[in-house]
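S.K.: Sending over a structure as structure tokens; questions will come in a sec.
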Amino acid sequence: MTRKHLPGILAMAAIVLASNILVQFLFGQWLTWGAFTYPLAFLVTDVMNRLYGARAARKVVLAGFVVGVICSLIGTQIMLEGDGYTYPAVTLRIALGSGLAFLTAQMMDVAIFDRLRGGAWWRAPLTSTLVGSALDTAIFFTIAFSGALTFVDPGNDVSWAQEALPLLGVGPVVPLWVSLGTADWLVKLALAVIALIPFRVIVSKAMSRNAYA
């Protein structure tokens with residue numbers, strides 16, 4: 001790791017830390033505020049990949065993963081009370097889902113970006129982020145809330161997430177956690193497109209500075 005990688009590592013750590021805090025606050029019926037900060041992790045990974053290569057991007061991902069693990073470990077030790085129950089702020093399933101989803105999706109993002117880096121400037125960041133986002137959402141919500149994985153943490157009651165409701169309030173009837181995951185995924189899709197603007201600006205300015213350095 002060199003000093004030039006430090007901004008990316010700090011940015012990734014800040015995003016993961018902020019997302020772990022903001023995920024506790026609801027935004028509407030289907031989302032939390034964390035849904036709007038977490039996708040920025042893909043922007044940081046892609047910028048580092050474009051400027052310094054896949055190896056540097058992987059270091060940034062690992063830094064974010066370590067911060068996420070630390071936040072999860074702290075969260076499992078914080079006990080909350082409500083409705084007559086005492087429960088951890090971060091359950092084992094959420095901790096596992098968060099860690100596996102982040103590491104798998106981000107590493108996939110790095111690999112796809114590296115494979116497509118020779119094409120049009122927008123192709124690598126958009127494709128890698130879309131695939132990584134879908135993978136991240138699928139892994140996290142399945143591990144954290146699917147009724148089929150109750151055996152992972154039998155003491156964690158996720159029956160509330162199995163409630164059958166119309167998808168996002170208007171579609172076919174599905175378990176609640178599917179609607180939560182779908183809403184999260186739609187936000188990631190929108191931000192993947194919007195993030196092309198800062199990606200282009202940051203990379204252009206960084207490359208211009210390097211050209212005159």
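Going through the structure tokens in order, the chains are called A, B, and so on, while each chain numbers its residues from 1 and the ligands are numbered from 1 in the order shown.
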Excluding Ser146 of chain A and any residue of its chain fewer than 5 positions from it, enumerate the residues within 8 Å of it, using only C-alpha atoms, and give them as a count of residues only.
M.R.: 5
S.K.: DSSP on the backbone, then: every residue of chain A marked strand (DSSP E), written as a PyMOL selection string.
M.R.: chain A and resi 26-27+31-32+79-82+85-88+164-166+173-175
S.K.: Restricting the calculation to only C-alpha atoms: of A:Met79, A:Arg117, A:Gln24, A:Gly147, which residue gets closest to Leu51 of chain A?
M.R.: A:Arg117
S.K.: Write out as a ChimeraX atom specification the set of residues from segment 36-162 of chain A that DSSP, computed on the backbone, places in alpha helix (DSSP H).
M.R.: /A:36-37,40-52,54-77,92-116,123-145
S.K.: Show which residues sit within 10 Å of Phe145 of chain A, as a PDB file with N, CA and C atoms, in the first residue's frame. Count only C-alpha atoms, and ignore same-chain residues fewer than 5 positions away.
M.R.:
ATOM      1  N   ARG A  93     -26.831 -13.340  11.544  1.00  0.00           N
ATOM      2  CA  ARG A  93     -27.174 -13.473  10.123  1.00  0.00           C
ATOM      3  C   ARG A  93     -26.909 -12.181   9.358  1.00  0.00           C
ATOM      4  N   ILE A  94     -27.218 -11.055   9.972  1.00  0.00           N
ATOM      5  CA  ILE A  94     -26.953  -9.775   9.319  1.00  0.00           C
ATOM      6  C   ILE A  94     -25.448  -9.558   9.185  1.00  0.00           C
ATOM      7  N   GLY A  97     -24.262 -11.969   6.441  1.00  0.00           N
ATOM      8  CA  GLY A  97     -24.759 -11.524   5.148  1.00  0.00           C
ATOM      9  C   GLY A  97     -24.056 -10.273   4.669  1.00  0.00           C
ATOM     10  N   PHE A 140     -26.936 -10.597   0.547  1.00  0.00           N
ATOM     11  CA  PHE A 140     -27.241 -10.056   1.866  1.00  0.00           C
ATOM     12  C   PHE A 140     -28.660 -10.393   2.322  1.00  0.00           C
ATOM     13  N   THR A 150     -33.018 -20.243   8.392  1.00  0.00           N
ATOM     14  CA  THR A 150     -33.228 -20.051   9.836  1.00  0.00           C
ATOM     15  C   THR A 150     -32.228 -20.856  10.659  1.00  0.00           C
ATOM     16  N   ASN A 156     -32.498 -16.256  16.293  1.00  0.00           N
ATOM     17  CA  ASN A 156     -32.867 -14.980  15.679  1.00  0.00           C
ATOM     18  C   ASN A 156     -34.210 -15.126  14.968  1.00  0.00           C
ATOM     19  N   ASP A 157     -35.211 -14.449  15.476  1.00  0.00           N
ATOM     20  CA  ASP A 157     -36.558 -14.541  14.917  1.00  0.00           C
ATOM     21  C   ASP A 157     -36.701 -13.612  13.704  1.00  0.00           C
ATOM     22  N   VAL A 158     -36.812 -14.211  12.520  1.00  0.00           N
ATOM     23  CA  VAL A 158     -36.984 -13.408  11.299  1.00  0.00           C
ATOM     24  C   VAL A 158     -38.374 -13.639  10.708  1.00  0.00           C
ATOM     25  N   SER A 159     -39.311 -14.076  11.557  1.00  0.00           N
ATOM     26  CA  SER A 159     -40.658 -14.349  11.065  1.00  0.00           C
ATOM     27  C   SER A 159     -41.316 -13.099  10.501  1.00  0.00           C
ATOM     28  N   TRP A 160     -40.958 -11.929  11.057  1.00  0.00           N
ATOM     29  CA  TRP A 160     -41.527 -10.674  10.554  1.00  0.00           C
ATOM     30  C   TRP A 160     -41.185 -10.454   9.089  1.00  0.00           C
ATOM     31  N   ALA A 161     -40.001 -10.940   8.666  1.00  0.00           N
ATOM     32  CA  ALA A 161     -39.555 -10.738   7.284  1.00  0.00           C
ATOM     33  C   ALA A 161     -40.242 -11.694   6.314  1.00  0.00           C
ATOM     34  N   GLN A 162     -40.977 -12.685   6.850  1.00  0.00           N
ATOM     35  CA  GLN A 162     -41.663 -13.660   6.001  1.00  0.00           C
ATOM     36  C   GLN A 162     -43.109 -13.262   5.714  1.00  0.00           C
ATOM     37  N   PRO A 175     -42.705 -12.591   0.216  1.00  0.00           N
ATOM     38  CA  PRO A 175     -42.282 -12.287   1.583  1.00  0.00           C
ATOM     39  C   PRO A 175     -41.772 -10.848   1.687  1.00  0.00           C
ATOM     40  N   LEU A 176     -41.957 -10.236   2.839  1.00  0.00           N
ATOM     41  CA  LEU A 176     -41.552  -8.849   3.039  1.00  0.00           C
ATOM     42  C   LEU A 176     -40.093  -8.617   2.673  1.00  0.00           C
ATOM     43  N   TRP A 177     -39.199  -9.570   3.017  1.00  0.00           N
ATOM     44  CA  TRP A 177     -37.777  -9.357   2.773  1.00  0.00           C
ATOM     45  C   TRP A 177     -37.465  -9.242   1.283  1.00  0.00           C
ATOM     46  N   VAL A 178     -38.279  -9.835   0.435  1.00  0.00           N
ATOM     47  CA  VAL A 178     -38.077  -9.708  -1.009  1.00  0.00           C
ATOM     48  C   VAL A 178     -38.355  -8.276  -1.455  1.00  0.00           C
ATOM     49  N   LEU A 180     -38.054  -5.633   0.486  1.00  0.00           N
ATOM     50  CA  LEU A 180     -36.949  -4.842   1.023  1.00  0.00           C
ATOM     51  C   LEU A 180     -35.722  -4.942   0.122  1.00  0.00           C
ATOM     52  N   GLY A 181     -35.433  -6.158  -0.338  1.00  0.00           N
ATOM     53  CA  GLY A 181     -34.291  -6.364  -1.217  1.00  0.00           C
ATOM     54  C   GLY A 181     -34.485  -5.715  -2.571  1.00  0.00           C
TER      55      GLY A 181
END
S.K.: Extract, using only C-alpha atoms, all DNA, RNA and protein residues at most 12 Å from Gly53 of chain A, discarding same-chain residues fewer than 5 positions from it, and format them as a list of chain:residue names.
M.R.: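 Result of the neighbour search: A:His5, A:Thr45, A:Asp46, A:Val47, A:Met48, A:Arg58, A:Lys59, A:Val60, A:Val110, A:Ala111, A:Phe113, A:Asp114, A:Arg115, A:Arg117.
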S.K.: Skipping near chain neighbours, those fewer than 3 positions away, what residues fall within 7 Å of segment 193-210 of chain A using only C-alpha atoms, listed as a list in words?
M.R.: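 Surrounding residues, per the criterion: Leu43, Val47, Leu51, Trp122, Leu126, Leu189, Ala190 and Ala213 of chain A.
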S.K.: At a cut-off of 8 Å, using only C-alpha atoms, what residues contact Pro39 of chain A? Leave out same-chain residues fewer than 3 positions from it and give the result as an MDAnalysis selection string.
M.R.: chainID A and resid 35:36 42:43 133 188 191:192
